[in-house]
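For reference, input_38.txt is printed below; it contains compact mmCIF, C-alpha atoms.
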```txt
# COMPACT_ATOMS: atom_id res chain seq x y z
CA MET A 1 44.84 -64.97 -35.25
CA ASN A 2 47.57 -63.23 -33.37
CA THR A 3 48.79 -61.60 -36.54
CA ASN A 4 45.28 -60.39 -37.18
CA ILE A 5 45.18 -58.69 -33.82
CA ASP A 6 48.62 -57.25 -34.43
CA MET A 7 47.53 -55.98 -37.80
CA SER A 8 44.47 -54.27 -36.49
CA ASN A 9 46.47 -52.75 -33.67
CA LYS A 10 48.97 -51.40 -36.14
CA GLU A 11 46.20 -50.19 -38.40
CA TYR A 12 44.54 -48.58 -35.47
CA SER A 13 47.70 -46.80 -34.36
CA ASP A 14 48.32 -45.67 -37.93
CA TYR A 15 44.78 -44.40 -38.03
CA VAL A 16 45.18 -42.57 -34.72
CA GLU A 17 48.49 -41.09 -35.80
CA LYS A 18 47.00 -39.94 -39.08
CA LYS A 19 44.06 -38.29 -37.31
CA ALA A 20 46.30 -36.74 -34.68
CA THR A 21 48.65 -35.11 -37.18
CA ASN A 22 46.07 -34.22 -39.82
CA SER A 23 43.53 -32.34 -37.82
CA PRO A 24 45.91 -29.73 -36.31
CA LEU A 25 47.36 -29.23 -39.81
CA LEU A 26 43.94 -28.34 -41.20
CA LYS A 27 43.22 -26.14 -38.21
CA ASN A 28 46.58 -24.40 -38.57
CA ILE A 29 46.04 -23.86 -42.29
CA PHE A 30 42.58 -22.43 -41.59
CA TRP A 31 43.94 -19.87 -39.10
CA ALA A 32 46.97 -19.02 -41.25
CA PHE A 33 44.67 -18.44 -44.22
CA LEU A 34 42.19 -16.34 -42.22
CA VAL A 35 44.70 -14.13 -40.38
CA GLY A 36 47.04 -13.77 -43.38
CA GLY A 37 44.12 -12.92 -45.63
CA ILE A 38 42.75 -10.35 -43.18
CA ILE A 39 46.14 -8.63 -42.76
CA CYS A 40 46.38 -8.37 -46.55
CA MET A 41 42.86 -6.89 -46.72
CA ILE A 42 43.87 -4.29 -44.10
CA GLY A 43 46.84 -3.49 -46.34
CA GLN A 44 44.52 -3.12 -49.34
CA ALA A 45 42.27 -0.79 -47.34
CA ILE A 46 45.24 1.42 -46.36
CA THR A 47 46.38 1.51 -50.02
CA ASP A 48 42.86 2.44 -51.16
CA VAL A 49 42.72 5.34 -48.68
CA PHE A 50 46.01 6.74 -50.03
CA LEU A 51 44.82 6.27 -53.62
CA LYS A 52 41.63 8.13 -52.74
CA PHE A 53 43.70 11.08 -51.51
CA GLY A 54 45.39 11.19 -54.92
CA PHE A 55 48.72 9.55 -54.15
CA PRO A 56 50.26 7.66 -57.10
CA LYS A 57 50.00 3.88 -56.94
CA GLU A 58 53.64 3.25 -56.07
CA GLN A 59 53.63 5.78 -53.20
CA ALA A 60 50.36 4.41 -51.86
CA SER A 61 51.80 0.91 -51.56
CA THR A 62 55.02 2.24 -49.98
CA TYR A 63 52.98 4.10 -47.36
CA THR A 64 51.06 0.87 -46.77
CA THR A 65 54.32 -0.98 -46.11
CA ILE A 66 55.45 1.72 -43.64
CA ILE A 67 52.13 1.70 -41.76
CA LEU A 68 51.97 -2.12 -41.58
CA ILE A 69 55.55 -2.23 -40.29
CA PHE A 70 54.62 0.35 -37.66
CA LEU A 71 51.57 -1.71 -36.64
CA GLY A 72 53.62 -4.91 -36.45
CA ALA A 73 56.26 -3.22 -34.27
CA PHE A 74 53.65 -1.60 -32.03
CA LEU A 75 51.62 -4.79 -31.54
CA THR A 76 54.83 -6.69 -30.75
CA SER A 77 55.88 -4.15 -28.12
CA ILE A 78 52.56 -4.46 -26.27
CA ASN A 79 52.88 -8.26 -26.44
CA LEU A 80 49.81 -8.75 -28.66
CA TYR A 81 51.54 -9.99 -31.81
CA SER A 82 52.97 -13.05 -30.10
CA LYS A 83 49.45 -13.94 -28.92
CA LEU A 84 48.25 -13.68 -32.51
CA GLY A 85 51.19 -15.79 -33.66
CA LYS A 86 50.27 -18.65 -31.34
CA PHE A 87 47.25 -19.61 -33.40
CA ALA A 88 47.87 -17.77 -36.69
CA GLY A 89 51.30 -19.33 -37.37
CA ALA A 90 52.46 -18.47 -40.87
CA GLY A 91 49.48 -16.12 -41.18
CA SER A 92 51.31 -13.78 -38.81
CA VAL A 93 54.86 -14.59 -39.98
CA ILE A 94 54.62 -14.09 -43.75
CA PRO A 95 52.88 -10.69 -43.97
CA ILE A 96 55.25 -7.70 -43.68
CA THR A 97 53.98 -7.21 -40.10
CA GLY A 98 55.73 -10.50 -39.33
CA PHE A 99 59.00 -9.10 -40.67
CA SER A 100 58.53 -6.15 -38.32
CA ASN A 101 57.80 -8.57 -35.47
CA SER A 102 61.03 -10.42 -36.27
CA VAL A 103 62.91 -7.12 -35.78
CA VAL A 104 61.27 -6.12 -32.50
CA ALA A 105 60.84 -9.46 -30.69
CA PRO A 106 64.57 -10.39 -30.36
CA ALA A 107 65.44 -6.74 -29.63
CA ILE A 108 63.09 -6.77 -26.63
CA GLU A 109 64.28 -10.18 -25.53
CA PHE A 110 67.95 -9.13 -25.45
CA LYS A 111 67.36 -5.59 -24.19
CA THR A 112 68.71 -6.57 -20.76
CA GLU A 113 72.15 -7.10 -22.38
CA GLY A 114 72.39 -3.40 -23.16
CA TYR A 115 71.29 -0.93 -25.79
CA ILE A 116 74.13 -1.50 -28.25
CA LEU A 117 74.97 -5.21 -28.20
CA GLY A 118 71.61 -6.27 -26.75
CA LEU A 119 68.85 -4.25 -28.38
CA GLY A 120 70.85 -2.88 -31.31
CA ALA A 121 72.57 -6.06 -32.41
CA ASN A 122 69.60 -8.38 -31.97
CA MET A 123 67.21 -6.26 -34.04
CA PHE A 124 68.76 -7.99 -37.04
CA LYS A 125 68.95 -11.49 -35.69
CA ILE A 126 66.27 -12.65 -38.14
CA ALA A 127 65.87 -9.55 -40.32
CA GLY A 128 69.61 -9.67 -41.05
CA PRO A 129 69.53 -13.00 -42.89
CA VAL A 130 66.35 -11.85 -44.64
CA LEU A 131 68.21 -8.79 -45.97
CA VAL A 132 71.35 -10.79 -46.83
CA TYR A 133 69.46 -13.25 -49.02
CA GLY A 134 67.04 -10.62 -50.37
CA VAL A 135 69.75 -8.19 -51.46
CA THR A 136 72.01 -10.95 -52.78
CA SER A 137 69.25 -12.44 -54.91
CA SER A 138 68.27 -8.99 -56.20
CA ILE A 139 71.90 -8.40 -57.27
CA ILE A 140 71.97 -11.78 -59.03
CA VAL A 141 68.74 -10.90 -60.83
CA GLY A 142 70.08 -7.43 -61.70
CA PHE A 143 73.34 -8.84 -63.04
CA PHE A 144 71.69 -11.39 -65.32
CA TYR A 145 69.16 -8.82 -66.49
CA TRP A 146 72.05 -6.48 -67.34
CA LEU A 147 73.83 -9.29 -69.22
CA ILE A 148 70.73 -10.26 -71.18
CA LYS A 149 70.09 -6.62 -72.06
CA ILE A 150 73.60 -6.26 -73.47
CA PHE A 151 73.40 -9.33 -75.67
CA LEU A 152 69.87 -8.77 -76.96
CA MET B 1 29.96 -5.15 -55.64
CA GLU B 2 33.19 -4.62 -57.53
CA ILE B 3 35.00 -3.58 -54.34
CA LEU B 4 33.76 -6.76 -52.66
CA ILE B 5 35.29 -8.91 -55.40
CA THR B 6 38.57 -6.96 -55.17
CA TYR B 7 38.81 -7.60 -51.44
CA LEU B 8 37.84 -11.25 -51.88
CA LYS B 9 40.75 -11.65 -54.33
CA VAL B 10 43.10 -9.93 -51.86
CA PHE B 11 41.92 -12.27 -49.10
CA LEU B 12 42.29 -15.38 -51.28
CA VAL B 13 45.77 -14.60 -52.62
CA GLY B 14 47.10 -13.49 -49.21
CA GLY B 15 45.47 -16.46 -47.50
CA ILE B 16 46.84 -18.97 -49.99
CA ILE B 17 50.41 -17.59 -49.71
CA CYS B 18 50.23 -17.85 -45.90
CA SER B 19 48.71 -21.34 -46.09
CA ILE B 20 51.63 -22.56 -48.22
CA GLY B 21 53.94 -21.24 -45.49
CA GLN B 22 51.89 -22.98 -42.81
CA ILE B 23 52.04 -26.32 -44.66
CA LEU B 24 55.83 -25.95 -44.92
CA ILE B 25 56.11 -25.17 -41.19
CA ASP B 26 53.93 -28.13 -40.17
CA LYS B 27 55.21 -30.71 -42.66
CA THR B 28 58.93 -29.95 -42.73
CA LYS B 29 59.50 -28.36 -39.29
CA ILE B 30 61.09 -25.43 -41.12
CA THR B 31 61.50 -22.44 -38.75
CA PRO B 32 59.63 -19.15 -39.25
CA ALA B 33 62.95 -17.33 -39.85
CA ARG B 34 63.69 -19.68 -42.75
CA ILE B 35 60.14 -19.19 -44.05
CA LEU B 36 60.77 -15.43 -44.22
CA VAL B 37 64.06 -15.91 -46.11
CA LEU B 38 62.55 -18.55 -48.41
CA PHE B 39 59.48 -16.48 -49.35
CA LEU B 40 61.49 -13.30 -49.86
CA THR B 41 63.97 -15.07 -52.15
CA LEU B 42 61.11 -16.78 -54.01
CA GLY B 43 59.48 -13.37 -54.45
CA VAL B 44 62.67 -11.98 -56.02
CA PHE B 45 63.08 -14.84 -58.51
CA LEU B 46 59.38 -15.20 -59.35
CA THR B 47 59.41 -11.49 -60.17
CA ALA B 48 62.50 -11.90 -62.34
CA PHE B 49 60.74 -14.63 -64.33
CA GLY B 50 57.65 -12.48 -64.70
CA ILE B 51 55.44 -14.73 -62.60
CA TYR B 52 54.86 -12.46 -59.59
CA LYS B 53 53.57 -9.36 -61.42
CA PRO B 54 50.39 -11.08 -62.70
CA LEU B 55 49.74 -12.24 -59.13
CA ILE B 56 49.88 -8.61 -57.95
CA ASP B 57 47.64 -7.47 -60.82
CA PHE B 58 45.12 -10.09 -59.67
CA GLY B 59 45.44 -10.03 -55.90
CA GLY B 60 46.72 -6.51 -55.10
CA ALA B 61 47.78 -6.24 -51.46
CA GLY B 62 47.22 -10.00 -51.15
CA ALA B 63 50.49 -10.37 -53.07
CA THR B 64 52.33 -7.21 -51.97
CA VAL B 65 51.78 -7.45 -48.18
CA PRO B 66 53.38 -10.92 -47.76
CA ILE B 67 57.19 -10.88 -47.52
CA SER B 68 57.34 -12.22 -51.09
CA GLY B 69 55.98 -8.80 -52.10
CA PHE B 70 59.07 -7.27 -50.51
CA GLY B 71 61.06 -9.54 -52.83
CA TYR B 72 58.99 -8.18 -55.71
CA SER B 73 60.02 -4.62 -54.74
CA LEU B 74 63.69 -5.63 -54.65
CA ALA B 75 63.65 -7.37 -58.04
CA ASN B 76 61.41 -4.78 -59.69
CA GLY B 77 63.63 -1.99 -58.34
CA VAL B 78 66.84 -3.55 -59.60
CA ILE B 79 65.41 -4.17 -63.09
CA LYS B 80 64.08 -0.60 -63.30
CA GLU B 81 67.39 0.87 -62.16
CA VAL B 82 69.43 -1.24 -64.62
CA ASN B 83 67.16 0.07 -67.37
CA GLU B 84 67.78 3.65 -66.27
CA ILE B 85 71.47 3.81 -65.34
CA GLY B 86 72.94 0.50 -66.49
CA PHE B 87 75.51 -1.54 -64.56
CA LEU B 88 75.47 0.58 -61.40
CA GLY B 89 71.76 -0.16 -61.07
CA ILE B 90 72.61 -3.76 -60.12
CA PHE B 91 73.95 -2.40 -56.82
CA THR B 92 71.56 0.51 -56.19
CA GLY B 93 68.18 -0.67 -57.48
CA GLY B 94 67.24 -3.28 -54.89
CA ILE B 95 67.86 -1.41 -51.64
CA LYS B 96 66.56 1.83 -53.15
CA ALA B 97 63.20 0.21 -53.84
CA ALA B 98 63.12 -1.40 -50.39
CA ALA B 99 64.46 1.69 -48.59
CA ALA B 100 61.16 2.77 -47.05
CA GLY B 101 60.47 -0.70 -45.65
CA ILE B 102 63.99 -1.13 -44.24
CA SER B 103 64.07 2.37 -42.71
CA ALA B 104 60.61 1.96 -41.22
CA ALA B 105 61.56 -1.43 -39.75
CA ILE B 106 64.72 0.01 -38.20
CA PHE B 107 63.11 3.19 -36.84
CA PHE B 108 59.79 1.82 -35.60
CA GLY B 109 61.53 -1.37 -34.50
CA PHE B 110 63.98 0.64 -32.42
CA LEU B 111 61.25 2.79 -30.85
CA ALA B 112 59.04 -0.22 -30.11
CA SER B 113 61.85 -2.16 -28.44
CA LEU B 114 62.97 0.92 -26.54
CA PHE B 115 59.58 1.41 -24.91
CA ALA B 116 58.61 -2.23 -24.42
CA LYS B 117 59.37 -3.99 -21.17
CA PRO B 118 61.34 -7.19 -21.60
CA ASN B 119 58.99 -9.89 -20.34
CA ILE B 120 60.81 -12.09 -17.91
CA LYS B 121 59.22 -15.51 -17.88
```

Turn this file's structure into structure tokens for me.
Amino acid sequence: MNTNIDMSNKEYSDYVEKKATNSPLLKNIFWAFLVGGIICMIGQAITDVFLKFGFPKEQASTYTTIILIFLGAFLTSINLYSKLGKFAGAGSVIPITGFSNSVVAPAIEFKTEGYILGLGANMFKIAGPVLVYGVTSSIIVGFFYWLIKIFL
Amino acid sequence: MEILITYLKVFLVGGIICSIGQILIDKTKITPARILVLFLTLGVFLTAFGIYKPLIDFGGAGATVPISGFGYSLANGVIKEVNEIGFLGIFTGGIKAAAAGISAAIFFGFLASLFAKPNIK
């Protein structure tokens, strides 16, 4: 009888734990999906405007990147992007605006340590590793592509 | 109607990419900085294997706006440059393709941090 009670207690706590961890996950995914999707649609709208003005496709998407990076930096500097990040999670991290946020946020935080070693150095606290691994993997890809091209 | 479907695809692809990131953050306690590095690197290699381009053809900005799209630019740029100038392209192609994004991040990032007040908590 005691074991039965123990069992149901354990089952109950498992059940509670499952509920407690699952429901924020679904909520987080919902917000990440919504905010991420909307930022991408804004990007598409900017691209479409440039295409409408006759810019070639590649230039239109480059302009889109520049504008989104500007928006991300601006919204970070007026402290709005961090508010978005609180509920949007990955939805605000993964779009290119999140990359821009990762440049500006540490720079602002360490500004008090000076303009060179505070602001200047910390701009690349997160963006630095991103560039290190991005450029390195692009060189690996380029090298193997070059090799394959030679032998085929 | 057609434009509606285009934007729905953008929303879906962008949303799904961000949701995958969210699941990783919640389930593995992986930090946002690592998510950025992971998705960028994935973007580079998925492009190299020809998997990312179809995603862009389908989802447009839904696939180019996420950081993995930045990886697409890097890989696409390096492949294009190797085709044009050979070996040297391995070293010039990636950054050249990503130049606008990097320059914009540095310049606007600098301006934004210059004019923002550090918030003391």

Do a neighbour search on Phe110 in chain A at 9 Å with only C-alpha atoms, toss out local chain neighbours closer than 3 positions, and write the hits as a ChimeraX atom specification.
/A:105-107,113-115,117-119,121-122 /B:118

Take the residues that were just selected and, keeping C-alpha atoms, output them as an mmCIF file, keeping the file's coordinate frame.
```
data_model
loop_
_atom_site.group_PDB
_atom_site.id
_atom_site.type_symbol
_atom_site.label_atom_id
_atom_site.label_comp_id
_atom_site.auth_asym_id
_atom_site.auth_seq_id
_atom_site.Cartn_x
_atom_site.Cartn_y
_atom_site.Cartn_z
ATOM 1 C CA ALA A 105 60.840 -9.460 -30.690
ATOM 2 C CA PRO A 106 64.570 -10.390 -30.360
ATOM 3 C CA ALA A 107 65.440 -6.740 -29.630
ATOM 4 C CA GLU A 113 72.150 -7.100 -22.380
ATOM 5 C CA GLY A 114 72.390 -3.400 -23.160
ATOM 6 C CA TYR A 115 71.290 -0.930 -25.790
ATOM 7 C CA LEU A 117 74.970 -5.210 -28.200
ATOM 8 C CA GLY A 118 71.610 -6.270 -26.750
ATOM 9 C CA LEU A 119 68.850 -4.250 -28.380
ATOM 10 C CA ALA A 121 72.570 -6.060 -32.410
ATOM 11 C CA ASN A 122 69.600 -8.380 -31.970
ATOM 12 C CA PRO B 118 61.340 -7.190 -21.600
#
```

With a cut-off of 7 Å, could you pull out the residues of chain B touching chain A and give me the nearest pair of atoms for each, distance in Å to one decimal, using only C-alpha atoms, ordered by chain and ascending number, as a tab-separated table?
```
residue	atom	partner	partner_atom	distance
B:Tyr7	CA	A:Met41	CA	6.3
B:Val10	CA	A:Met41	CA	6.0
B:Phe11	CA	A:Gly37	CA	4.2
B:Leu12	CA	A:Gly37	CA	6.4
B:Gly14	CA	A:Gly37	CA	4.7
B:Gly15	CA	A:Phe33	CA	3.9
B:Ile16	CA	A:Phe33	CA	6.2
B:Cys18	CA	A:Gly91	CA	5.1
B:Ser19	CA	A:Ile29	CA	5.3
B:Gly21	CA	A:Ala90	CA	5.6
B:Gln22	CA	A:Ala90	CA	4.9
B:Ile23	CA	A:Ile29	CA	6.9
B:Asp26	CA	A:Leu25	CA	6.7
B:Pro32	CA	A:Val93	CA	6.6
B:Ala33	CA	A:Ile126	CA	6.0
B:Leu36	CA	A:Ile94	CA	6.3
B:Val37	CA	A:Val130	CA	4.9
B:Leu40	CA	A:Gly134	CA	6.2
B:Thr41	CA	A:Gly134	CA	5.7
B:Val44	CA	A:Ser138	CA	6.4
B:Ala48	CA	A:Val141	CA	6.5
B:Ala61	CA	A:Gln44	CA	5.0
B:Gly62	CA	A:Cys40	CA	5.0
B:Val65	CA	A:Pro95	CA	5.4
B:Pro66	CA	A:Pro95	CA	3.8
B:Ile67	CA	A:Ile96	CA	5.3
B:Gly71	CA	A:Gly134	CA	6.6
B:Leu74	CA	A:Ser138	CA	5.9
B:Ala75	CA	A:Ser138	CA	5.2
B:Val78	CA	A:Gly142	CA	5.5
B:Ile79	CA	A:Gly142	CA	5.9
B:Val82	CA	A:Trp146	CA	6.5
B:Phe87	CA	A:Trp146	CA	6.6
B:Ile90	CA	A:Gly142	CA	4.7
B:Phe91	CA	A:Ile139	CA	6.4
B:Gly94	CA	A:Ser138	CA	5.9
B:Ala100	CA	A:Ile66	CA	6.7
B:Gly101	CA	A:Ile66	CA	5.9
B:Ala104	CA	A:Ile66	CA	5.7
B:Ala105	CA	A:Ser100	CA	5.8
B:Phe108	CA	A:Phe70	CA	5.8
B:Gly109	CA	A:Val104	CA	5.2
B:Ala112	CA	A:Ser77	CA	5.4
B:Ser113	CA	A:Ile108	CA	5.1
B:Ala116	CA	A:Ser77	CA	5.0
B:Pro118	CA	A:Ile108	CA	5.3
```

Restricting the calculation to only C-alpha atoms: of B:Met1, B:Val13, B:Ala98, B:Leu114, which residue gets closest to Ala63 in chain B?
B:Val13

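Between CA of Tyr81 in chain A and CA of Leu51 in chain A there is a distance of 28.0 Å.
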
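Taking CA of Thr28 in chain B and CA of Ser68 in chain B as endpoints, the distance between them is 19.7 Å.
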
What is the CA of Phe50 in chain A to CA of Phe110 in chain B distance in Å?
25.9 Å

Box along x, y and z, 5 Å on every side, all listed atoms of range 18-34 of chain B inside: centre and edge lengths in Å to one decimal, as lines of an AutoDock Vina configuration file.
```
center_x = 56.2
center_y = -24.0
center_z = -43.5
size_x = 25.0
size_y = 23.4
size_z = 19.5
```

Rebuild N, CA and C atoms on range 87-119 of chain B, as a compact mmCIF listing (two decimals), in the coordinates of the input?
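Now in result39.txt:
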```txt
# COMPACT_ATOMS: atom_id res chain seq x y z
N PHE B 87 74.83 -0.61 -65.48
CA PHE B 87 75.51 -1.54 -64.56
C PHE B 87 75.35 -1.15 -63.09
N LEU B 88 75.52 0.12 -62.78
CA LEU B 88 75.47 0.58 -61.40
C LEU B 88 74.13 0.22 -60.74
N GLY B 89 73.10 0.15 -61.56
CA GLY B 89 71.76 -0.16 -61.07
C GLY B 89 71.68 -1.50 -60.37
N ILE B 90 72.58 -2.45 -60.76
CA ILE B 90 72.61 -3.76 -60.12
C ILE B 90 72.80 -3.58 -58.61
N PHE B 91 73.62 -2.59 -58.23
CA PHE B 91 73.95 -2.40 -56.82
C PHE B 91 73.03 -1.40 -56.11
N THR B 92 72.38 -0.52 -56.86
CA THR B 92 71.56 0.51 -56.19
C THR B 92 70.07 0.20 -56.22
N GLY B 93 69.62 -0.52 -57.24
CA GLY B 93 68.18 -0.67 -57.48
C GLY B 93 67.42 -1.37 -56.37
N GLY B 94 67.97 -2.48 -55.87
CA GLY B 94 67.24 -3.28 -54.89
C GLY B 94 66.96 -2.54 -53.61
N ILE B 95 68.03 -2.08 -52.94
CA ILE B 95 67.86 -1.41 -51.64
C ILE B 95 67.08 -0.12 -51.81
N LYS B 96 67.29 0.57 -52.93
CA LYS B 96 66.56 1.83 -53.15
C LYS B 96 65.06 1.58 -53.12
N ALA B 97 64.62 0.51 -53.78
CA ALA B 97 63.20 0.21 -53.84
C ALA B 97 62.67 -0.25 -52.47
N ALA B 98 63.56 -0.87 -51.69
CA ALA B 98 63.12 -1.40 -50.39
C ALA B 98 63.44 -0.43 -49.26
N ALA B 99 63.96 0.75 -49.61
CA ALA B 99 64.46 1.69 -48.59
C ALA B 99 63.41 2.05 -47.54
N ALA B 100 62.19 2.34 -48.00
CA ALA B 100 61.16 2.77 -47.05
C ALA B 100 60.87 1.66 -46.04
N GLY B 101 60.77 0.43 -46.53
CA GLY B 101 60.47 -0.70 -45.65
C GLY B 101 61.59 -0.93 -44.65
N ILE B 102 62.84 -0.88 -45.13
CA ILE B 102 63.99 -1.13 -44.24
C ILE B 102 64.09 -0.02 -43.20
N SER B 103 63.99 1.24 -43.65
CA SER B 103 64.07 2.37 -42.71
C SER B 103 62.96 2.32 -41.68
N ALA B 104 61.74 2.03 -42.15
CA ALA B 104 60.61 1.96 -41.22
C ALA B 104 60.83 0.85 -40.20
N ALA B 105 61.33 -0.31 -40.67
CA ALA B 105 61.56 -1.43 -39.75
C ALA B 105 62.62 -1.07 -38.71
N ILE B 106 63.67 -0.37 -39.14
CA ILE B 106 64.72 0.01 -38.20
C ILE B 106 64.18 1.04 -37.20
N PHE B 107 63.53 2.09 -37.72
CA PHE B 107 63.11 3.19 -36.84
C PHE B 107 61.98 2.76 -35.89
N PHE B 108 60.91 2.23 -36.45
CA PHE B 108 59.79 1.82 -35.60
C PHE B 108 60.19 0.63 -34.72
N GLY B 109 61.05 -0.24 -35.27
CA GLY B 109 61.53 -1.37 -34.50
C GLY B 109 62.33 -0.91 -33.29
N PHE B 110 63.18 0.10 -33.51
CA PHE B 110 63.98 0.64 -32.42
C PHE B 110 63.09 1.28 -31.36
N LEU B 111 62.15 2.13 -31.81
CA LEU B 111 61.25 2.79 -30.85
C LEU B 111 60.45 1.76 -30.06
N ALA B 112 59.89 0.78 -30.76
CA ALA B 112 59.04 -0.22 -30.11
C ALA B 112 59.83 -1.02 -29.07
N SER B 113 61.08 -1.38 -29.42
CA SER B 113 61.85 -2.16 -28.44
C SER B 113 62.35 -1.30 -27.29
N LEU B 114 62.52 0.00 -27.59
CA LEU B 114 62.97 0.92 -26.54
C LEU B 114 61.91 1.05 -25.45
N PHE B 115 60.63 1.14 -25.88
CA PHE B 115 59.58 1.41 -24.91
C PHE B 115 58.93 0.16 -24.33
N ALA B 116 59.22 -1.00 -24.94
CA ALA B 116 58.61 -2.23 -24.42
C ALA B 116 59.40 -2.74 -23.22
N LYS B 117 58.68 -3.37 -22.31
CA LYS B 117 59.37 -3.99 -21.17
C LYS B 117 59.75 -5.41 -21.57
N PRO B 118 61.00 -5.81 -21.32
CA PRO B 118 61.34 -7.19 -21.60
C PRO B 118 60.55 -8.10 -20.66
N ASN B 119 59.80 -9.07 -21.24
CA ASN B 119 58.99 -9.89 -20.34
C ASN B 119 59.79 -11.07 -19.83
```
